[in-house]
Amino acid sequence: QVQLVESGGDLVQAGGSLRLSCTASRIRFSANAVAWHRQAPGSQREWVATVTSGGATNYAGSVNPRFHIWRDNERNTVYLQMTNLQPQDTAVYFCNTHWRGQEYWGQGTQVTVSS
């Protein structure tokens with residue numbers, strides 16, 4: 001069964017940094033774009049960043065240039081480095097990808113930023 005597993009979420013103070021990981025099993029991450037999204041309490045899920053199969057990246061305006069996404073194909077993992085975190089970055093962070101016509105999501109990892 002295909003699984004995406006996020007990790008790295010934590011409670012940090014404003015101005016701090018975190019690195020999130022998204023590791024896939026039973027699919028080749030390298031063949032597809034992988035995206036990070038987030039959902040704050042009471043809000044809709046929003047797109048954060050994408051890395052393509054070729055390594056090109058794109059970011060939501062609210063996180064650029066504070067966040068950086070990249071992929072390690074050998075580890076089948078995509079990372080999201082988040083710096084200068086602010087309380088408005090508090091959310092559950094999810095990764096997703098498509099594989100053979102299906103869309104897959106992880107279970108999410110909680111990021112909480114205190115002021």
# chains A, B, ... in the order shown; residues from 1 in each chain; ligands from 1
$ residues_around --residues "range 73-78 of chain A" --least-positions-apart "2" --cutoff "9 Å" --atoms "only C-alpha atoms" --output "ChimeraX atom specification"
/A:20-25,27-30,34-35,51,69-71,80,95
$ write_last_selection --atoms "C-alpha atoms" --output "PDB file, in the first residue's frame"
ATOM      1  CA  LEU A  20       9.790  18.637   7.747  1.00  0.00           C
ATOM      2  CA  SER A  21      10.254  15.331   5.953  1.00  0.00           C
ATOM      3  CA  CYS A  22       7.905  13.401   3.706  1.00  0.00           C
ATOM      4  CA  THR A  23       8.944   9.839   2.970  1.00  0.00           C
ATOM      5  CA  ALA A  24       7.162   7.600   0.507  1.00  0.00           C
ATOM      6  CA  SER A  25       6.812   3.860   0.414  1.00  0.00           C
ATOM      7  CA  ILE A  27       6.169   4.597  -5.059  1.00  0.00           C
ATOM      8  CA  ARG A  28       9.102   6.315  -6.713  1.00  0.00           C
ATOM      9  CA  PHE A  29       9.051   9.904  -5.562  1.00  0.00           C
ATOM     10  CA  SER A  30      11.595  10.795  -8.216  1.00  0.00           C
ATOM     11  CA  VAL A  34       5.634  16.460  -4.657  1.00  0.00           C
ATOM     12  CA  ALA A  35       3.896  19.282  -2.847  1.00  0.00           C
ATOM     13  CA  VAL A  51       9.202  20.408  -6.203  1.00  0.00           C
ATOM     14  CA  ILE A  69      11.717  22.523  -0.618  1.00  0.00           C
ATOM     15  CA  TRP A  70      13.998  19.892  -2.070  1.00  0.00           C
ATOM     16  CA  ARG A  71      14.082  16.184  -2.767  1.00  0.00           C
ATOM     17  CA  LEU A  80      10.619  21.408   3.668  1.00  0.00           C
ATOM     18  CA  CYS A  95       2.632  16.317   1.608  1.00  0.00           C
TER      19      CYS A  95
END
$ select_by_dssp --residues "range 9-92 of chain A" --states "strand (DSSP E)" --output "count of residues only"
40
$ closest_residue --among "A:Gln86, A:Gly42, A:Gln110, A:His37" --to "Gly9 in chain A" --atoms "only C-alpha atoms"
A:Gln110
$ closest_residue --among "A:Leu18, A:Val63, A:Leu4, A:Ala91" --to "Gln39 in chain A" --atoms "only C-alpha atoms"
A:Ala91
$ atom_distance --atom1 "CA of Gln1 in chain A" --atom2 "CA of Asp72 in chain A"
21.3 Å
$ atom_distance --atom1 "CA of Ala40 in chain A" --atom2 "CA of Leu11 in chain A"
14.3 Å
$ atom_distance --atom1 "CA of Gln102 in chain A" --atom2 "CA of Ser7 in chain A"
22.4 Å
$ closest_residue --among "A:Gly61, A:Pro41, A:Gly54, A:Pro87" --to "Ser115 in chain A" --atoms "only C-alpha atoms"
A:Pro87
$ residues_around --residues "Asp10 in chain A" --least-positions-apart "4" --cutoff "12 Å" --atoms "only C-alpha atoms" --output "number ranges by chain"
A: 6, 16-20, 82, 85, 89-93, 108-114
$ closest_residue --among "A:Val5, A:Arg38, A:Arg66, A:Asn32" --to "Glu103 in chain A" --atoms "only C-alpha atoms"
A:Asn32
$ select_by_dssp --residues "range 13-87 of chain A" --states "helix (DSSP H, G or I)" --output "PyMOL selection string"
chain A and resi 29-31+87
$ closest_residue --among "A:Gln13, A:Gln81, A:His98, A:Gln88" --to "Ser43 in chain A" --atoms "only C-alpha atoms"
A:Gln88
